[in-house]
Amino acid sequence: MRVLGLNPGFGGFNFHDPSVCVVRNGSIIAMAEEERFLRKKSAPGCFPANALRSCIEFAQIDVADLDQIAVGYDPLQWQQRLPLEFGVTSRRTKEALEVCEGEPFSPDKIVRLRKWSVDTIEHYVDIVGRSMRFSDVDTCKNRILEHWPDAAETPFRFYRHHLCHAASAHFCSGFPSSTVVVIDGVGEIDCATIWRADQNGFTLIDSQKLPNSMGYFYAAFTEYLGFEGFHGEGKLMALAPYGCPNRQIWDMVSGLIEVTESGFDVSHLVREMLDYRLMLDLKRARSVLSSILGSPPRGPGQPLTDFYRSLAWHVQDFLEHGVAAYARHAVQATSINQVCLAGGVALNCKLNMTLREQDFVNALFVQPVASDAGLSMGAAFLATRDLGGPVRERLDHLALMPSQYNEEEVASLLSEWLWPFDTFVSAEALAEQVARDLSNGEIVMWYQGRSEVGPRALGQRSILADPRDLNVRDKVNVKVKMREAWRPFGPSILEEFAPEVLEGFVAGDRAPYMVQAYRMKPVWQDKVPAVIHSGDGTTRPHTVRADLQPEYASLLSAFHRLTGIPMLLNTSLNGRGEPLVETFIEALRNFASSAASVLAVGRFLIRKSRTARQIVDPPNDDLKLLKTWKE
């Protein structure tokens with residue numbers, strides 16, 4: 001049984017994080033995110049043509065071999081948006097007219113009234129036009145076929161956005177039954193849902209619809225703090241522990257947001273920030289929050305004052321309390337204390353630590369591809385189940401991108417470009433050398449096998465450093481990653497040592513995806529300061545098992561033998577503002593233009609002199625124009 005899951009990502013079909021997932025007999029064969037091919041984070045508005053081609057080629061199937069194409073979007077659910085869209089447009093027009101009424105007559109007033117009238121008519125026409133394009137199954141299928149005509153004879157099935165999130169979490173958790181909580185910006189109309197998942201399928205328990213969007217709430221404050229909404233939420237999370245409670249800030253926002261017995265309510269605040277398409281208007285969000293807080297938004301690069309740090313603290317604190325209340329309500333409703341979490345908000349690792357530590361949670365699984373990229377996975381699982389096939393019960397790793405790495409090709413290219421490199425007879429021998437380099441303060445780029453899906457580097461496309469050295473940490477932040485010096489890093493740690501290092505981690509636990517924070521035991525905090533958040537003593541671990549990642553585990557073991565430290569600082573191998581590197585060429589280019597000194601690719605080790613001239617990016621990606629590296 002072959003099913004292809006699809007998040008179309010273009011023109012209204014979830015719009016961002018386009019992805020493809022091929023599932024055969026319930027197991028993932030390949031999964032790909034379009035951003036890795038286009039080199040643009042989230043690839044907004046793009047159909048995943050490259051991801052589609054690579055997955056089909058890797059799985060060695062034809063479109064005709066597919067039993068079904070499953071789409072993570074439900075046109076019938078989308079129809080529920082229409083009354084709210086008309087309402088927002090009407091209210092915005094009324095507000096504009098009321099402002100204008102009190103003004104004296106002037107030519108400028110006539111111009112503005114004319115513009116508002118034209119804009120309002122255009123908005124209404126657009127709403128009607130989109131309702132015709134997005135709210136009918138056949139029309140939606142035909143729009144996808146415009147990008148993928150070869151699929152015309154293959155059956156399509158459309159699934160609810162939040163149901164796909166729920167399926168991606170439950171089916172990967174290994175739990176026989178679970179309470180699934182999905183929280184994001186918005187699906188078709190849902191912003192938060194609760195599902196009971198068991199052998200009978202998925203039962204919807206609760207749905208919170210726009211404008212009660214915790215995802216939009218968090219993105220609005222991310223934008224206000226100068227971190228770019230929908231992209232910099234991790235920066236807000238990292239900043240929060242440097243702040244502290246501030247009564248004045250809380251008094252200003254507490255009337256607009258509320259933690260309730262059954263969850264949270266941010267409707268009043270978010271409603272003021274929506275545009276007529278029900279998307280968060282980031283410009284309007286800055287204006288609304290400036291008015292509420294009595295202070296202008298922070299510009300990129302401006303100092304992070306006590307006010308901004310404390311504001312981040314309150315936003316993160318509200319997120320944790322609100323989602324914890326919603327999860328408690330969910331478990332009370334289902335009577336199942338094995339909890340799964342998905343949706344973009346689930347990428348907040350401090351929130352996930354808070355949930356894991358709640359007394360009503362017996363076990364927690366957080367879908368590591370929690371963003372809309374995970375919709376293709378969930379849709380493929382649902383279609384497999386509906387066709388009567390089995391579904392994989394546990395996700396063991398995320399090295400699911402189609403392979404684009406060939407040792408012979410790498411050796412040929414390096415030789416052609418006169419790059420010096422060493423070849424090791426075994427992965428173990430290479431690991432021993434890299435461990436020595438790391439212990440001597442070198443920064444290593446580690447490129448091995450198939451790359452990970454999702455936003456975290458998990459030992460396939462990583463930048464590695466010694467977790468004992470704060471100076472090396474600062475160098476990775478500023479000179480390699482080109483990012484703010486205060487942002488923390490997490491470690492990759494051999495799983496058998498995790499109970500010794502992490503509070504609350506017991507033998508048999510797993511934390512393989514860097515999506516949950518843990519407190520590090522005091523005895524270890526002085527040993528590995530480079531992988532601890534200095535604001536709260538937490539870390540975001542990636543536990544490593546030798547049976548799942550033998551080469552990477554071999555490196556960690558070698559470093560442990562040398563230093564007594566069973567972990568390494570691990571961060572993503574990518575350029576500033578880019579997704580994880582996918583190809584060897586991208587890795588080499590990133591290496592050449594950074595302060596890293598070693599690149600490990602397969603069994604090859606490439607070194608760079610500290611005085612080496614950087615490689616200049618070739619125009620039009622003409623690899624033959626790469627300038628030869630010389631000392």
# chains A, B, ... in the order shown; residues from 1 in each chain; ligands from 1
$ residues_around --residues "A:Glu551" --least-positions-apart "4" --cutoff "10 Å" --atoms "only C-alpha atoms" --output "PDB file with N, CA and C atoms, in the first residue's frame"
ATOM      1  N   SER A 426      37.509   3.908   8.459  1.00  0.00           N
ATOM      2  CA  SER A 426      36.272   3.533   9.132  1.00  0.00           C
ATOM      3  C   SER A 426      35.658   4.760   9.793  1.00  0.00           C
ATOM      4  N   ALA A 427      34.364   4.643  10.102  1.00  0.00           N
ATOM      5  CA  ALA A 427      33.673   5.721  10.816  1.00  0.00           C
ATOM      6  C   ALA A 427      34.265   5.913  12.203  1.00  0.00           C
ATOM      7  N   GLU A 428      34.715   4.823  12.816  1.00  0.00           N
ATOM      8  CA  GLU A 428      35.294   4.904  14.158  1.00  0.00           C
ATOM      9  C   GLU A 428      36.602   5.700  14.146  1.00  0.00           C
ATOM     10  N   LEU A 430      37.489   8.028  11.968  1.00  0.00           N
ATOM     11  CA  LEU A 430      37.146   9.428  11.762  1.00  0.00           C
ATOM     12  C   LEU A 430      36.622  10.041  13.058  1.00  0.00           C
ATOM     13  N   ALA A 431      35.789   9.300  13.785  1.00  0.00           N
ATOM     14  CA  ALA A 431      35.236   9.808  15.040  1.00  0.00           C
ATOM     15  C   ALA A 431      36.328  10.123  16.047  1.00  0.00           C
ATOM     16  N   GLN A 448      26.381  13.928   7.561  1.00  0.00           N
ATOM     17  CA  GLN A 448      26.365  12.473   7.436  1.00  0.00           C
ATOM     18  C   GLN A 448      24.993  11.979   6.982  1.00  0.00           C
ATOM     19  N   GLY A 449      24.961  11.086   6.004  1.00  0.00           N
ATOM     20  CA  GLY A 449      23.750  10.375   5.628  1.00  0.00           C
ATOM     21  C   GLY A 449      22.614  11.264   5.172  1.00  0.00           C
ATOM     22  N   GLY A 459      22.261  15.491  14.457  1.00  0.00           N
ATOM     23  CA  GLY A 459      23.426  14.671  14.181  1.00  0.00           C
ATOM     24  C   GLY A 459      23.574  14.217  12.752  1.00  0.00           C
ATOM     25  N   GLN A 460      22.786  14.782  11.844  1.00  0.00           N
ATOM     26  CA  GLN A 460      22.947  14.500  10.412  1.00  0.00           C
ATOM     27  C   GLN A 460      23.510  15.732   9.699  1.00  0.00           C
ATOM     28  N   ALA A 546      23.103   4.281  19.940  1.00  0.00           N
ATOM     29  CA  ALA A 546      24.041   3.713  18.971  1.00  0.00           C
ATOM     30  C   ALA A 546      23.340   2.875  17.919  1.00  0.00           C
ATOM     31  N   ASP A 547      22.223   2.229  18.259  1.00  0.00           N
ATOM     32  CA  ASP A 547      21.549   1.392  17.276  1.00  0.00           C
ATOM     33  C   ASP A 547      20.819   2.215  16.222  1.00  0.00           C
ATOM     34  N   LEU A 555      31.100   9.074  17.621  1.00  0.00           N
ATOM     35  CA  LEU A 555      31.778  10.340  17.891  1.00  0.00           C
ATOM     36  C   LEU A 555      31.589  10.757  19.351  1.00  0.00           C
ATOM     37  N   LEU A 556      30.364  10.671  19.848  1.00  0.00           N
ATOM     38  CA  LEU A 556      30.097  11.045  21.236  1.00  0.00           C
ATOM     39  C   LEU A 556      30.880  10.148  22.203  1.00  0.00           C
ATOM     40  N   SER A 557      30.952   8.870  21.883  1.00  0.00           N
ATOM     41  CA  SER A 557      31.700   7.941  22.738  1.00  0.00           C
ATOM     42  C   SER A 557      33.190   8.272  22.736  1.00  0.00           C
ATOM     43  N   GLY A 602      30.832  11.999   5.533  1.00  0.00           N
ATOM     44  CA  GLY A 602      31.064  10.576   5.372  1.00  0.00           C
ATOM     45  C   GLY A 602      32.357  10.176   6.057  1.00  0.00           C
TER      46      GLY A 602
END
$ residues_around --residues "A:His533" --least-positions-apart "2" --cutoff "10 Å" --atoms "only C-alpha atoms" --output "ChimeraX atom specification"
/A:238-239,241-242,486-490,519-520,525,529-531,535-540
$ write_last_selection --atoms "C-alpha atoms" --output "tab-separated table (two decimals), in the first residue's frame"
chain	number	residue	atom	x	y	z
A	238	ALA	CA	15.13	32.11	24.74
A	239	LEU	CA	14.87	35.71	25.95
A	241	PRO	CA	14.31	33.56	31.29
A	242	TYR	CA	16.40	36.73	31.31
A	486	TRP	CA	22.78	35.57	24.39
A	487	ARG	CA	21.03	32.73	22.60
A	488	PRO	CA	21.58	29.28	24.16
A	489	PHE	CA	22.61	25.95	22.66
A	490	GLY	CA	21.61	22.41	23.49
A	519	ARG	CA	16.86	21.04	34.03
A	520	MET	CA	20.45	19.98	34.25
A	525	GLN	CA	26.18	22.75	35.26
A	529	PRO	CA	28.22	25.65	30.76
A	530	ALA	CA	28.13	26.07	26.97
A	531	VAL	CA	24.92	24.01	26.64
A	535	GLY	CA	18.87	32.42	32.67
A	536	ASP	CA	17.22	29.34	34.15
A	537	GLY	CA	19.69	26.42	34.15
A	538	THR	CA	17.76	24.41	31.55
A	539	THR	CA	18.97	22.68	28.43
A	540	ARG	CA	17.35	21.24	25.31
$ select_by_dssp --residues "stretch 209-326 of chain A" --states "strand (DSSP E)" --output "number ranges by chain"
A: 209, 258-260, 263-265
$ write_last_selection --atoms "all heavy atoms" --output "tab-separated table (two decimals), in the first residue's frame"
chain	number	residue	atom	x	y	z
A	209	LYS	N	-11.68	28.24	17.95
A	209	LYS	CA	-11.56	28.81	16.61
A	209	LYS	C	-11.08	30.25	16.69
A	209	LYS	O	-11.05	30.87	17.76
A	209	LYS	CB	-12.91	28.72	15.89
A	209	LYS	CG	-13.46	27.30	15.82
A	209	LYS	CD	-14.77	27.24	15.06
A	209	LYS	CE	-15.39	25.84	15.15
A	209	LYS	NZ	-14.51	24.78	14.65
A	258	GLU	N	-6.57	35.92	29.12
A	258	GLU	CA	-7.04	35.27	30.34
A	258	GLU	C	-6.74	33.77	30.31
A	258	GLU	O	-6.94	33.12	29.28
A	258	GLU	CB	-8.56	35.48	30.48
A	258	GLU	CG	-9.16	34.85	31.71
A	258	GLU	CD	-10.67	35.00	31.75
A	258	GLU	OE1	-11.25	35.47	30.74
A	258	GLU	OE2	-11.27	34.64	32.79
A	259	VAL	N	-6.24	33.26	31.42
A	259	VAL	CA	-6.16	31.82	31.62
A	259	VAL	C	-7.44	31.39	32.33
A	259	VAL	O	-7.76	31.92	33.40
A	259	VAL	CB	-4.93	31.42	32.47
A	259	VAL	CG1	-4.95	29.93	32.77
A	259	VAL	CG2	-3.64	31.79	31.75
A	260	THR	N	-8.18	30.48	31.72
A	260	THR	CA	-9.45	30.03	32.27
A	260	THR	C	-9.29	28.62	32.84
A	260	THR	O	-8.24	27.99	32.71
A	260	THR	CB	-10.53	30.02	31.18
A	260	THR	OG1	-10.22	28.99	30.21
A	260	THR	CG2	-10.59	31.36	30.46
A	263	GLY	N	-8.71	26.48	29.81
A	263	GLY	CA	-7.73	26.84	28.79
A	263	GLY	C	-7.31	28.29	28.83
A	263	GLY	O	-6.86	28.80	29.84
A	264	PHE	N	-7.51	28.99	27.73
A	264	PHE	CA	-7.04	30.36	27.59
A	264	PHE	C	-7.98	31.12	26.68
A	264	PHE	O	-8.74	30.52	25.89
A	264	PHE	CB	-5.63	30.38	26.99
A	264	PHE	CG	-5.51	29.59	25.70
A	264	PHE	CD1	-5.83	30.15	24.48
A	264	PHE	CD2	-5.10	28.26	25.73
A	264	PHE	CE1	-5.74	29.41	23.30
A	264	PHE	CE2	-5.00	27.51	24.57
A	264	PHE	CZ	-5.33	28.09	23.34
A	265	ASP	N	-7.94	32.43	26.78
A	265	ASP	CA	-8.74	33.28	25.90
A	265	ASP	C	-7.92	34.50	25.51
A	265	ASP	O	-7.61	35.35	26.35
A	265	ASP	CB	-10.03	33.71	26.60
A	265	ASP	CG	-10.99	34.44	25.66
A	265	ASP	OD1	-10.60	34.69	24.49
A	265	ASP	OD2	-12.11	34.77	26.08
$ closest_residue --among "A:Pro8, A:Pro107, A:Pro368, A:Gly232" --to "A:His161" --atoms "only C-alpha atoms"
A:Pro8
$ closest_residue --among "A:Ile493, A:Phe13, A:Leu548, A:Ser173" --to "A:Arg143" --atoms "only C-alpha atoms"
A:Phe13
$ closest_atom_pairs --of "stretch 88-189 of chain A" --to "stretch 41-51 of chain A" --cutoff "9 Å" --atoms "only C-alpha atoms" --output "Markdown table"
| residue | atom | partner | partner_atom | distance |
| --- | --- | --- | --- | --- |
| A:Ile144 | CA | A:Phe47 | CA | 8.5 |
| A:His147 | CA | A:Phe47 | CA | 7.3 |
| A:Trp148 | CA | A:Ala49 | CA | 8.0 |
$ select_by_dssp --residues "stretch 221-344 of chain A" --states "alpha helix (DSSP H)" --output "MDAnalysis selection string"
chainID A and resid 221:224 233:239 247:253 267:271 282:293 306:334
$ residues_around --residues "A:Asp281" --least-positions-apart "4" --cutoff "12 Å" --atoms "only C-alpha atoms" --output "mmCIF file with C-alpha atoms, in the first residue's frame"
data_model
loop_
_atom_site.group_PDB
_atom_site.id
_atom_site.type_symbol
_atom_site.label_atom_id
_atom_site.label_comp_id
_atom_site.auth_asym_id
_atom_site.auth_seq_id
_atom_site.Cartn_x
_atom_site.Cartn_y
_atom_site.Cartn_z
ATOM 1 C CA TYR A 216 -1.082 34.377 16.689
ATOM 2 C CA PHE A 217 -0.794 35.778 20.218
ATOM 3 C CA ALA A 219 3.711 35.657 16.970
ATOM 4 C CA ALA A 220 2.370 39.180 17.606
ATOM 5 C CA GLU A 223 7.038 40.813 16.065
ATOM 6 C CA TYR A 224 6.736 43.564 18.681
ATOM 7 C CA GLY A 229 6.642 37.088 13.768
ATOM 8 C CA PHE A 230 6.264 33.500 12.480
ATOM 9 C CA VAL A 270 -6.010 38.794 18.499
ATOM 10 C CA ARG A 271 -9.253 40.053 16.933
ATOM 11 C CA GLU A 272 -7.776 43.539 16.731
ATOM 12 C CA MET A 273 -4.788 42.275 14.756
ATOM 13 C CA LEU A 274 -6.464 40.251 11.998
ATOM 14 C CA ASP A 275 -6.658 41.388 8.403
ATOM 15 C CA TYR A 276 -9.682 40.665 6.268
ATOM 16 C CA ARG A 277 -8.231 37.267 5.272
ATOM 17 C CA ALA A 285 0.075 43.953 15.664
ATOM 18 C CA ARG A 286 2.965 46.355 16.256
ATOM 19 C CA SER A 287 0.566 49.287 16.329
ATOM 20 C CA VAL A 288 -1.968 47.617 18.634
#
$ closest_residue --among "A:Thr571, A:Pro455, A:Val180, A:Val369" --to "A:Val331" --atoms "only C-alpha atoms"
A:Val180
$ closest_residue --among "A:Ser178, A:Asn570, A:Ser90, A:Gln79" --to "A:Asp119" --atoms "only C-alpha atoms"
A:Ser90
$ atom_distance --atom1 "atom CA of A:Phe10" --atom2 "atom CA of A:Val88"
23.4 Å
$ residues_around --residues "A:Ala379" --least-positions-apart "3" --cutoff "9 Å" --atoms "only C-alpha atoms" --output "VMD selection string"
chain A and resid 4 to 7 21 69 to 73 157 to 161 163 to 165 167 to 168 374 to 376 382 to 384
$ residues_around --residues "A:Leu113" --least-positions-apart "5" --cutoff "9 Å" --atoms "only C-alpha atoms" --output "list in words"
Ala96, Leu97, Cys100, Asp108 and Val118 of chain A
$ write_last_selection --atoms "C-alpha atoms" --output "compact mmCIF listing (two decimals), in the first residue's frame"
# COMPACT_ATOMS: atom_id res chain seq x y z
CA ALA A 96 -12.28 53.87 9.33
CA LEU A 97 -15.50 55.75 8.59
CA CYS A 100 -13.27 60.16 9.27
CA ASP A 108 -7.69 64.50 1.66
CA VAL A 118 -12.50 50.74 -3.25
$ atom_distance --atom1 "atom CA of A:Asn477" --atom2 "atom CA of A:Asp372"
27.7 Å
$ decode --residues "stretch 127-199 of chain A" --atoms "C-alpha atoms" --output "mmCIF file, in the first residue's frame"
data_model
loop_
_atom_site.group_PDB
_atom_site.id
_atom_site.type_symbol
_atom_site.label_atom_id
_atom_site.label_comp_id
_atom_site.auth_asym_id
_atom_site.auth_seq_id
_atom_site.Cartn_x
_atom_site.Cartn_y
_atom_site.Cartn_z
ATOM 1 C CA ILE A 127 -13.449 36.787 -0.197
ATOM 2 C CA VAL A 128 -16.086 35.557 -2.632
ATOM 3 C CA GLY A 129 -13.440 34.523 -5.154
ATOM 4 C CA ARG A 130 -11.431 32.585 -2.600
ATOM 5 C CA SER A 131 -14.564 30.875 -1.332
ATOM 6 C CA MET A 132 -15.032 29.531 -4.850
ATOM 7 C CA ARG A 133 -11.420 28.355 -5.054
ATOM 8 C CA PHE A 134 -10.932 26.864 -1.595
ATOM 9 C CA SER A 135 -14.258 25.552 -0.320
ATOM 10 C CA ASP A 136 -14.986 22.832 -2.889
ATOM 11 C CA VAL A 137 -13.144 19.490 -3.044
ATOM 12 C CA ASP A 138 -13.148 19.164 -6.833
ATOM 13 C CA THR A 139 -11.964 22.724 -7.326
ATOM 14 C CA CYS A 140 -9.154 22.229 -4.813
ATOM 15 C CA LYS A 141 -8.074 19.013 -6.507
ATOM 16 C CA ASN A 142 -7.987 20.747 -9.889
ATOM 17 C CA ARG A 143 -5.862 23.567 -8.499
ATOM 18 C CA ILE A 144 -3.337 21.023 -7.231
ATOM 19 C CA LEU A 145 -3.389 19.237 -10.580
ATOM 20 C CA GLU A 146 -2.362 22.491 -12.254
ATOM 21 C CA HIS A 147 0.973 21.986 -10.489
ATOM 22 C CA TRP A 148 0.974 18.187 -10.727
ATOM 23 C CA PRO A 149 -0.927 17.038 -13.821
ATOM 24 C CA ASP A 150 0.507 13.494 -13.635
ATOM 25 C CA ALA A 151 -1.724 12.813 -10.625
ATOM 26 C CA ALA A 152 -4.991 13.257 -12.529
ATOM 27 C CA GLU A 153 -5.894 9.548 -12.340
ATOM 28 C CA THR A 154 -4.910 9.037 -8.693
ATOM 29 C CA PRO A 155 -7.603 9.217 -5.968
ATOM 30 C CA PHE A 156 -7.396 12.277 -3.706
ATOM 31 C CA ARG A 157 -8.602 12.654 -0.160
ATOM 32 C CA PHE A 158 -8.659 15.841 1.911
ATOM 33 C CA TYR A 159 -8.268 15.794 5.694
ATOM 34 C CA ARG A 160 -8.867 18.430 8.334
ATOM 35 C CA HIS A 161 -5.742 20.445 9.167
ATOM 36 C CA HIS A 162 -5.816 19.790 12.914
ATOM 37 C CA LEU A 163 -6.750 16.140 12.444
ATOM 38 C CA CYS A 164 -3.563 15.713 10.384
ATOM 39 C CA HIS A 165 -1.536 17.324 13.160
ATOM 40 C CA ALA A 166 -3.191 14.976 15.666
ATOM 41 C CA ALA A 167 -2.520 11.897 13.519
ATOM 42 C CA SER A 168 1.128 12.850 12.989
ATOM 43 C CA ALA A 169 1.575 12.911 16.769
ATOM 44 C CA HIS A 170 -0.494 9.924 17.896
ATOM 45 C CA PHE A 171 0.687 7.452 15.280
ATOM 46 C CA CYS A 172 4.343 8.333 15.976
ATOM 47 C CA SER A 173 4.053 8.212 19.771
ATOM 48 C CA GLY A 174 3.786 4.479 20.283
ATOM 49 C CA PHE A 175 0.867 5.066 22.692
ATOM 50 C CA PRO A 176 -2.081 2.659 22.229
ATOM 51 C CA SER A 177 -4.396 5.530 23.172
ATOM 52 C CA SER A 178 -3.711 9.181 23.852
ATOM 53 C CA THR A 179 -5.069 12.622 24.515
ATOM 54 C CA VAL A 180 -3.910 14.785 21.617
ATOM 55 C CA VAL A 181 -3.667 18.559 21.975
ATOM 56 C CA VAL A 182 -3.081 20.612 18.824
ATOM 57 C CA ILE A 183 -2.283 24.327 19.088
ATOM 58 C CA ASP A 184 -1.120 26.608 16.283
ATOM 59 C CA GLY A 185 -1.881 29.894 14.540
ATOM 60 C CA VAL A 186 -4.859 28.647 12.584
ATOM 61 C CA GLY A 187 -5.848 25.659 10.464
ATOM 62 C CA GLU A 188 -8.839 26.162 8.230
ATOM 63 C CA ILE A 189 -10.535 27.881 11.180
ATOM 64 C CA ASP A 190 -9.338 25.889 14.233
ATOM 65 C CA CYS A 191 -6.639 27.357 16.485
ATOM 66 C CA ALA A 192 -6.635 24.703 19.229
ATOM 67 C CA THR A 193 -8.244 21.268 19.352
ATOM 68 C CA ILE A 194 -8.450 18.280 21.678
ATOM 69 C CA TRP A 195 -8.717 14.744 20.316
ATOM 70 C CA ARG A 196 -9.195 11.335 21.880
ATOM 71 C CA ALA A 197 -7.099 8.856 19.865
ATOM 72 C CA ASP A 198 -7.532 5.110 20.281
ATOM 73 C CA GLN A 199 -8.255 1.944 18.309
#
